[in-house]
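So this one's upload.cif, mmCIF, N, CA and C atoms:
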```cif
data_run
loop_
_atom_site.label_atom_id
_atom_site.label_comp_id
_atom_site.auth_asym_id
_atom_site.auth_seq_id
_atom_site.Cartn_x
_atom_site.Cartn_y
_atom_site.Cartn_z
N MET A 674 -58.23 -93.42 -26.87
CA MET A 674 -59.40 -93.67 -26.08
C MET A 674 -59.57 -92.55 -25.06
N TYR A 675 -60.79 -92.23 -24.68
CA TYR A 675 -61.02 -91.07 -23.84
C TYR A 675 -60.36 -91.19 -22.46
N LEU A 676 -60.14 -92.37 -21.95
CA LEU A 676 -59.50 -92.51 -20.65
C LEU A 676 -58.00 -92.23 -20.71
N ASP A 677 -57.44 -92.19 -21.90
CA ASP A 677 -56.02 -91.91 -22.06
C ASP A 677 -55.71 -90.43 -22.09
N GLU A 678 -56.73 -89.58 -22.09
CA GLU A 678 -56.50 -88.15 -22.12
C GLU A 678 -55.84 -87.71 -20.82
N PRO A 679 -54.85 -86.82 -20.89
CA PRO A 679 -54.08 -86.47 -19.70
C PRO A 679 -54.86 -85.70 -18.64
N TYR A 680 -55.95 -85.03 -19.00
CA TYR A 680 -56.67 -84.21 -18.02
C TYR A 680 -58.05 -84.76 -17.72
N PHE A 681 -58.23 -86.04 -17.91
CA PHE A 681 -59.52 -86.65 -17.63
C PHE A 681 -59.76 -86.64 -16.12
N SER A 682 -60.85 -86.00 -15.70
CA SER A 682 -61.15 -85.96 -14.27
C SER A 682 -62.58 -86.41 -13.99
N GLY A 683 -63.33 -86.69 -15.02
CA GLY A 683 -64.69 -87.16 -14.84
C GLY A 683 -65.70 -86.04 -14.64
N GLY A 684 -65.23 -84.83 -14.27
CA GLY A 684 -66.17 -83.76 -14.01
C GLY A 684 -66.07 -82.61 -14.98
N GLY A 685 -65.18 -82.69 -15.93
CA GLY A 685 -65.04 -81.61 -16.89
C GLY A 685 -64.05 -80.57 -16.41
N GLN A 686 -63.77 -79.62 -17.27
CA GLN A 686 -62.82 -78.55 -16.97
C GLN A 686 -63.49 -77.50 -16.10
N SER A 687 -62.83 -77.10 -15.01
CA SER A 687 -63.45 -76.12 -14.13
C SER A 687 -62.71 -74.79 -14.10
N GLY A 688 -61.43 -74.76 -14.43
CA GLY A 688 -60.65 -73.53 -14.37
C GLY A 688 -60.40 -72.94 -15.74
N PRO A 689 -59.62 -71.86 -15.78
CA PRO A 689 -59.32 -71.24 -17.07
C PRO A 689 -58.41 -72.11 -17.93
N VAL A 690 -58.51 -71.93 -19.23
CA VAL A 690 -57.70 -72.67 -20.20
C VAL A 690 -56.91 -71.67 -21.01
N CYS A 691 -55.64 -71.97 -21.26
CA CYS A 691 -54.79 -71.09 -22.06
C CYS A 691 -55.35 -70.99 -23.47
N ARG A 692 -55.50 -69.77 -23.97
CA ARG A 692 -56.05 -69.54 -25.30
C ARG A 692 -55.11 -70.03 -26.39
N SER A 693 -53.81 -70.17 -26.08
CA SER A 693 -52.84 -70.60 -27.08
C SER A 693 -52.72 -72.12 -27.14
N CYS A 694 -52.30 -72.73 -26.04
CA CYS A 694 -52.01 -74.17 -26.05
C CYS A 694 -53.20 -75.02 -25.61
N LYS A 695 -54.27 -74.40 -25.14
CA LYS A 695 -55.51 -75.06 -24.72
C LYS A 695 -55.35 -75.94 -23.49
N ALA A 696 -54.21 -75.85 -22.80
CA ALA A 696 -54.00 -76.62 -21.57
C ALA A 696 -54.57 -75.83 -20.39
N PRO A 697 -55.01 -76.52 -19.35
CA PRO A 697 -55.55 -75.82 -18.18
C PRO A 697 -54.48 -74.94 -17.52
N ILE A 698 -54.91 -73.83 -16.97
CA ILE A 698 -54.04 -72.97 -16.18
C ILE A 698 -54.33 -73.29 -14.72
N HIS A 699 -53.39 -73.94 -14.08
CA HIS A 699 -53.57 -74.35 -12.70
C HIS A 699 -53.39 -73.16 -11.76
N LYS A 700 -53.93 -73.25 -10.56
CA LYS A 700 -53.95 -72.09 -9.66
C LYS A 700 -52.57 -71.62 -9.25
N ASN A 701 -51.53 -72.44 -9.34
CA ASN A 701 -50.18 -72.01 -8.97
C ASN A 701 -49.35 -71.56 -10.17
N GLU A 702 -49.92 -71.58 -11.37
CA GLU A 702 -49.21 -71.17 -12.58
C GLU A 702 -49.42 -69.68 -12.84
N ARG A 703 -48.38 -69.05 -13.36
CA ARG A 703 -48.49 -67.63 -13.73
C ARG A 703 -49.15 -67.53 -15.10
N PHE A 704 -50.00 -66.52 -15.25
CA PHE A 704 -50.67 -66.31 -16.53
C PHE A 704 -50.81 -64.82 -16.79
N THR A 705 -51.11 -64.50 -18.04
CA THR A 705 -51.30 -63.12 -18.46
C THR A 705 -52.65 -63.01 -19.15
N ARG A 706 -53.39 -61.97 -18.84
CA ARG A 706 -54.64 -61.71 -19.56
C ARG A 706 -54.33 -60.71 -20.66
N ILE A 707 -54.68 -61.08 -21.89
CA ILE A 707 -54.43 -60.24 -23.06
C ILE A 707 -55.79 -59.85 -23.64
N THR A 708 -55.93 -58.56 -23.92
CA THR A 708 -57.16 -58.06 -24.52
C THR A 708 -56.85 -57.52 -25.91
N PHE A 709 -57.52 -58.06 -26.90
CA PHE A 709 -57.38 -57.60 -28.28
C PHE A 709 -58.47 -56.57 -28.56
N VAL A 710 -58.10 -55.48 -29.25
CA VAL A 710 -59.07 -54.41 -29.52
C VAL A 710 -60.21 -54.88 -30.42
N ASN A 711 -59.95 -55.85 -31.27
CA ASN A 711 -61.00 -56.35 -32.17
C ASN A 711 -61.80 -57.50 -31.55
N ASP A 712 -61.49 -57.86 -30.31
CA ASP A 712 -62.19 -58.94 -29.61
C ASP A 712 -62.23 -58.63 -28.11
N PRO A 713 -62.81 -57.51 -27.70
CA PRO A 713 -62.75 -57.11 -26.29
C PRO A 713 -63.42 -58.07 -25.32
N ASP A 714 -64.46 -58.78 -25.78
CA ASP A 714 -65.17 -59.68 -24.88
C ASP A 714 -64.76 -61.15 -25.03
N GLY A 715 -63.87 -61.45 -25.96
CA GLY A 715 -63.35 -62.81 -26.12
C GLY A 715 -64.20 -63.75 -26.95
N THR A 716 -65.23 -63.25 -27.63
CA THR A 716 -66.09 -64.12 -28.42
C THR A 716 -65.40 -64.71 -29.64
N LYS A 717 -64.34 -64.03 -30.12
CA LYS A 717 -63.59 -64.55 -31.27
C LYS A 717 -62.47 -65.49 -30.85
N GLY A 718 -62.29 -65.67 -29.56
CA GLY A 718 -61.29 -66.60 -29.06
C GLY A 718 -59.90 -66.03 -28.89
N LEU A 719 -59.76 -64.72 -28.94
CA LEU A 719 -58.43 -64.12 -28.80
C LEU A 719 -58.21 -63.56 -27.40
N THR A 720 -59.11 -62.77 -26.90
CA THR A 720 -58.97 -62.17 -25.58
C THR A 720 -59.17 -63.22 -24.50
N GLY A 721 -58.27 -63.22 -23.54
CA GLY A 721 -58.39 -64.17 -22.44
C GLY A 721 -57.07 -64.42 -21.75
N GLU A 722 -57.02 -65.48 -20.97
CA GLU A 722 -55.83 -65.83 -20.22
C GLU A 722 -54.90 -66.72 -21.04
N TYR A 723 -53.61 -66.44 -20.91
CA TYR A 723 -52.56 -67.21 -21.57
C TYR A 723 -51.49 -67.54 -20.54
N HIS A 724 -50.88 -68.74 -20.63
CA HIS A 724 -49.70 -69.02 -19.82
C HIS A 724 -48.67 -67.93 -20.11
N ASP A 725 -47.82 -67.62 -19.15
CA ASP A 725 -46.82 -66.56 -19.36
C ASP A 725 -45.98 -66.83 -20.62
N LEU A 726 -45.50 -68.06 -20.78
CA LEU A 726 -44.67 -68.36 -21.96
C LEU A 726 -45.47 -68.32 -23.25
N CYS A 727 -46.71 -68.75 -23.21
CA CYS A 727 -47.56 -68.74 -24.41
C CYS A 727 -47.97 -67.32 -24.79
N SER A 728 -47.98 -66.40 -23.84
CA SER A 728 -48.54 -65.07 -24.06
C SER A 728 -47.65 -64.14 -24.87
N LYS A 729 -46.36 -64.38 -24.89
CA LYS A 729 -45.42 -63.41 -25.49
C LYS A 729 -45.76 -63.03 -26.94
N PRO A 730 -45.92 -63.98 -27.86
CA PRO A 730 -46.24 -63.56 -29.24
C PRO A 730 -47.62 -62.91 -29.36
N PHE A 731 -48.57 -63.36 -28.57
CA PHE A 731 -49.91 -62.79 -28.63
C PHE A 731 -49.95 -61.39 -28.05
N ALA A 732 -49.16 -61.14 -27.01
CA ALA A 732 -49.08 -59.79 -26.44
C ALA A 732 -48.49 -58.82 -27.46
N SER A 733 -47.50 -59.27 -28.21
CA SER A 733 -46.90 -58.42 -29.24
C SER A 733 -47.91 -58.08 -30.32
N ILE A 734 -48.69 -59.06 -30.73
CA ILE A 734 -49.70 -58.85 -31.76
C ILE A 734 -50.79 -57.90 -31.25
N ALA A 735 -51.23 -58.11 -30.01
CA ALA A 735 -52.27 -57.24 -29.43
C ALA A 735 -51.76 -55.79 -29.33
N ASP A 736 -50.50 -55.61 -28.94
CA ASP A 736 -49.94 -54.26 -28.86
C ASP A 736 -49.86 -53.60 -30.24
N ALA A 737 -49.45 -54.38 -31.24
CA ALA A 737 -49.35 -53.85 -32.60
C ALA A 737 -50.73 -53.45 -33.13
N LEU A 738 -51.73 -54.28 -32.92
CA LEU A 738 -53.08 -53.96 -33.38
C LEU A 738 -53.62 -52.72 -32.66
N SER A 739 -53.32 -52.61 -31.39
CA SER A 739 -53.76 -51.44 -30.63
C SER A 739 -53.09 -50.17 -31.17
N SER A 740 -51.80 -50.26 -31.47
CA SER A 740 -51.08 -49.10 -32.02
C SER A 740 -51.61 -48.71 -33.39
N LEU A 741 -51.87 -49.70 -34.23
CA LEU A 741 -52.41 -49.42 -35.56
C LEU A 741 -53.79 -48.78 -35.47
N GLY A 742 -54.58 -49.24 -34.52
CA GLY A 742 -55.91 -48.67 -34.35
C GLY A 742 -55.87 -47.20 -33.97
N ARG A 743 -54.86 -46.82 -33.18
CA ARG A 743 -54.73 -45.42 -32.78
C ARG A 743 -54.31 -44.53 -33.95
N LEU A 744 -53.60 -45.09 -34.92
CA LEU A 744 -53.17 -44.32 -36.09
C LEU A 744 -54.35 -43.88 -36.95
N TRP A 745 -55.40 -44.67 -37.00
CA TRP A 745 -56.53 -44.41 -37.90
C TRP A 745 -57.64 -43.60 -37.24
N ARG A 746 -57.45 -43.19 -36.00
CA ARG A 746 -58.50 -42.40 -35.33
C ARG A 746 -58.32 -40.94 -35.57
#
```
Written form, structure tokens:
Amino acid sequence: MYLDEPYFSGGGQSGPVCRSCKAPIHKNERFTRITFVNDPDGTKGLTGEYHDLCSKPFASIADALSSLGRLWR
């Protein structure tokens, strides 16, 4: 039921949401902004804020894609 949702506040989500786990990033939590070369503006859902723990695998992928892109230029 919708009232059982853990983040129900009646007003909707107002802050950033982790791109990986989809949980809110609270103002006292550490986060990392990751930019993917194939999604610089975030329309594909990759570029954005991630919790520090959630960001590690995505940061590695973003770095690898960036390195590969430099090889083909």
**Request:** Could you tell me which residues the PyMOL selection byres ((chain A and resi 703) around 7) returns for this structure, as a PyMOL selection string?
**Result:** chain A and resi 699-702+704-705+723-726
Store the residues of this selection in a file with N, CA and C atoms, as a PDB file, in the frame of the given file.
```pdb
ATOM      1  N   HIS A 699     -53.390 -73.940 -14.080  1.00  0.00           N
ATOM      2  CA  HIS A 699     -53.570 -74.350 -12.700  1.00  0.00           C
ATOM      3  C   HIS A 699     -53.390 -73.160 -11.760  1.00  0.00           C
ATOM      4  N   LYS A 700     -53.930 -73.250 -10.560  1.00  0.00           N
ATOM      5  CA  LYS A 700     -53.950 -72.090  -9.660  1.00  0.00           C
ATOM      6  C   LYS A 700     -52.570 -71.620  -9.250  1.00  0.00           C
ATOM      7  N   ASN A 701     -51.530 -72.440  -9.340  1.00  0.00           N
ATOM      8  CA  ASN A 701     -50.180 -72.010  -8.970  1.00  0.00           C
ATOM      9  C   ASN A 701     -49.350 -71.560 -10.170  1.00  0.00           C
ATOM     10  N   GLU A 702     -49.920 -71.580 -11.370  1.00  0.00           N
ATOM     11  CA  GLU A 702     -49.210 -71.170 -12.580  1.00  0.00           C
ATOM     12  C   GLU A 702     -49.420 -69.680 -12.840  1.00  0.00           C
ATOM     13  N   PHE A 704     -50.000 -66.520 -15.250  1.00  0.00           N
ATOM     14  CA  PHE A 704     -50.670 -66.310 -16.530  1.00  0.00           C
ATOM     15  C   PHE A 704     -50.810 -64.820 -16.790  1.00  0.00           C
ATOM     16  N   THR A 705     -51.110 -64.500 -18.040  1.00  0.00           N
ATOM     17  CA  THR A 705     -51.300 -63.120 -18.460  1.00  0.00           C
ATOM     18  C   THR A 705     -52.650 -63.010 -19.150  1.00  0.00           C
ATOM     19  N   TYR A 723     -53.610 -66.440 -20.910  1.00  0.00           N
ATOM     20  CA  TYR A 723     -52.560 -67.210 -21.570  1.00  0.00           C
ATOM     21  C   TYR A 723     -51.490 -67.540 -20.540  1.00  0.00           C
ATOM     22  N   HIS A 724     -50.880 -68.740 -20.630  1.00  0.00           N
ATOM     23  CA  HIS A 724     -49.700 -69.020 -19.820  1.00  0.00           C
ATOM     24  C   HIS A 724     -48.670 -67.930 -20.110  1.00  0.00           C
ATOM     25  N   ASP A 725     -47.820 -67.620 -19.150  1.00  0.00           N
ATOM     26  CA  ASP A 725     -46.820 -66.560 -19.360  1.00  0.00           C
ATOM     27  C   ASP A 725     -45.980 -66.830 -20.620  1.00  0.00           C
ATOM     28  N   LEU A 726     -45.500 -68.060 -20.780  1.00  0.00           N
ATOM     29  CA  LEU A 726     -44.670 -68.360 -21.960  1.00  0.00           C
ATOM     30  C   LEU A 726     -45.470 -68.320 -23.250  1.00  0.00           C
TER      31      LEU A 726
END
```
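Those residues returned by the PyMOL selection byres (((chain A and resi 709-714 and name CA) around 9) and name CA) for this file are A:Ile707, A:Thr708, A:Gly715, A:Thr716, A:Lys717, A:Gly718, A:Leu719, A:Thr720, A:Gly721, A:Ala732, A:Ile734, A:Ala735, A:Asp736, A:Leu738, A:Ser739, A:Gly742.
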**Asked** Between atom C of A:Phe731 and atom C of A:Ala696, what is the spacing in Å?
**Response** 17.0 Å
Filtered DSSP result for stretch 683-734 of chain A, state helix (DSSP H, G or I), as a PDB file with N, CA and C atoms, in the coordinates of the input:
```pdb
ATOM      1  N   ASP A 725     -47.820 -67.620 -19.150  1.00  0.00           N
ATOM      2  CA  ASP A 725     -46.820 -66.560 -19.360  1.00  0.00           C
ATOM      3  C   ASP A 725     -45.980 -66.830 -20.620  1.00  0.00           C
ATOM      4  N   LEU A 726     -45.500 -68.060 -20.780  1.00  0.00           N
ATOM      5  CA  LEU A 726     -44.670 -68.360 -21.960  1.00  0.00           C
ATOM      6  C   LEU A 726     -45.470 -68.320 -23.250  1.00  0.00           C
ATOM      7  N   CYS A 727     -46.710 -68.750 -23.210  1.00  0.00           N
ATOM      8  CA  CYS A 727     -47.560 -68.740 -24.410  1.00  0.00           C
ATOM      9  C   CYS A 727     -47.970 -67.320 -24.790  1.00  0.00           C
ATOM     10  N   SER A 728     -47.980 -66.400 -23.840  1.00  0.00           N
ATOM     11  CA  SER A 728     -48.540 -65.070 -24.060  1.00  0.00           C
ATOM     12  C   SER A 728     -47.650 -64.140 -24.870  1.00  0.00           C
ATOM     13  N   LYS A 729     -46.360 -64.380 -24.890  1.00  0.00           N
ATOM     14  CA  LYS A 729     -45.420 -63.410 -25.490  1.00  0.00           C
ATOM     15  C   LYS A 729     -45.760 -63.030 -26.940  1.00  0.00           C
ATOM     16  N   PRO A 730     -45.920 -63.980 -27.860  1.00  0.00           N
ATOM     17  CA  PRO A 730     -46.240 -63.560 -29.240  1.00  0.00           C
ATOM     18  C   PRO A 730     -47.620 -62.910 -29.360  1.00  0.00           C
ATOM     19  N   PHE A 731     -48.570 -63.360 -28.570  1.00  0.00           N
ATOM     20  CA  PHE A 731     -49.910 -62.790 -28.630  1.00  0.00           C
ATOM     21  C   PHE A 731     -49.950 -61.390 -28.050  1.00  0.00           C
ATOM     22  N   ALA A 732     -49.160 -61.140 -27.010  1.00  0.00           N
ATOM     23  CA  ALA A 732     -49.080 -59.790 -26.440  1.00  0.00           C
ATOM     24  C   ALA A 732     -48.490 -58.820 -27.460  1.00  0.00           C
ATOM     25  N   SER A 733     -47.500 -59.270 -28.210  1.00  0.00           N
ATOM     26  CA  SER A 733     -46.900 -58.420 -29.240  1.00  0.00           C
ATOM     27  C   SER A 733     -47.910 -58.080 -30.320  1.00  0.00           C
ATOM     28  N   ILE A 734     -48.690 -59.060 -30.730  1.00  0.00           N
ATOM     29  CA  ILE A 734     -49.700 -58.850 -31.760  1.00  0.00           C
ATOM     30  C   ILE A 734     -50.790 -57.900 -31.250  1.00  0.00           C
TER      31      ILE A 734
END
```
**Prompt:** For the atom pair atom CA of A:Glu722 and atom CA of A:Val690, what is the interatomic distance in Å to one decimal place?
**Reply:** 7.1 Å
**Asked** So what do you get for atom N of A:Ser693 versus atom CA of A:Arg743, distance-wise?
**Response** 25.7 Å
**Request:** May I have all residues of stretch 693-736 of chain A that DSSP, computed from the backbone, assigns to strand (DSSP E or B), given as number ranges by chain?
**Result:** A: 697, 704-707, 709, 712, 721-724
Print the selection's residues with N, CA and C atoms to a file, as a short mmCIF file (atom, residue, chain, number, x, y, z; two decimals), keeping the file's coordinate frame.
```
data_model
loop_
_atom_site.label_atom_id
_atom_site.label_comp_id
_atom_site.auth_asym_id
_atom_site.auth_seq_id
_atom_site.Cartn_x
_atom_site.Cartn_y
_atom_site.Cartn_z
N PRO A 697 -55.01 -76.52 -19.35
CA PRO A 697 -55.55 -75.82 -18.18
C PRO A 697 -54.48 -74.94 -17.52
N PHE A 704 -50.00 -66.52 -15.25
CA PHE A 704 -50.67 -66.31 -16.53
C PHE A 704 -50.81 -64.82 -16.79
N THR A 705 -51.11 -64.50 -18.04
CA THR A 705 -51.30 -63.12 -18.46
C THR A 705 -52.65 -63.01 -19.15
N ARG A 706 -53.39 -61.97 -18.84
CA ARG A 706 -54.64 -61.71 -19.56
C ARG A 706 -54.33 -60.71 -20.66
N ILE A 707 -54.68 -61.08 -21.89
CA ILE A 707 -54.43 -60.24 -23.06
C ILE A 707 -55.79 -59.85 -23.64
N PHE A 709 -57.52 -58.06 -26.90
CA PHE A 709 -57.38 -57.60 -28.28
C PHE A 709 -58.47 -56.57 -28.56
N ASP A 712 -61.49 -57.86 -30.31
CA ASP A 712 -62.19 -58.94 -29.61
C ASP A 712 -62.23 -58.63 -28.11
N GLY A 721 -58.27 -63.22 -23.54
CA GLY A 721 -58.39 -64.17 -22.44
C GLY A 721 -57.07 -64.42 -21.75
N GLU A 722 -57.02 -65.48 -20.97
CA GLU A 722 -55.83 -65.83 -20.22
C GLU A 722 -54.90 -66.72 -21.04
N TYR A 723 -53.61 -66.44 -20.91
CA TYR A 723 -52.56 -67.21 -21.57
C TYR A 723 -51.49 -67.54 -20.54
N HIS A 724 -50.88 -68.74 -20.63
CA HIS A 724 -49.70 -69.02 -19.82
C HIS A 724 -48.67 -67.93 -20.11
#
```
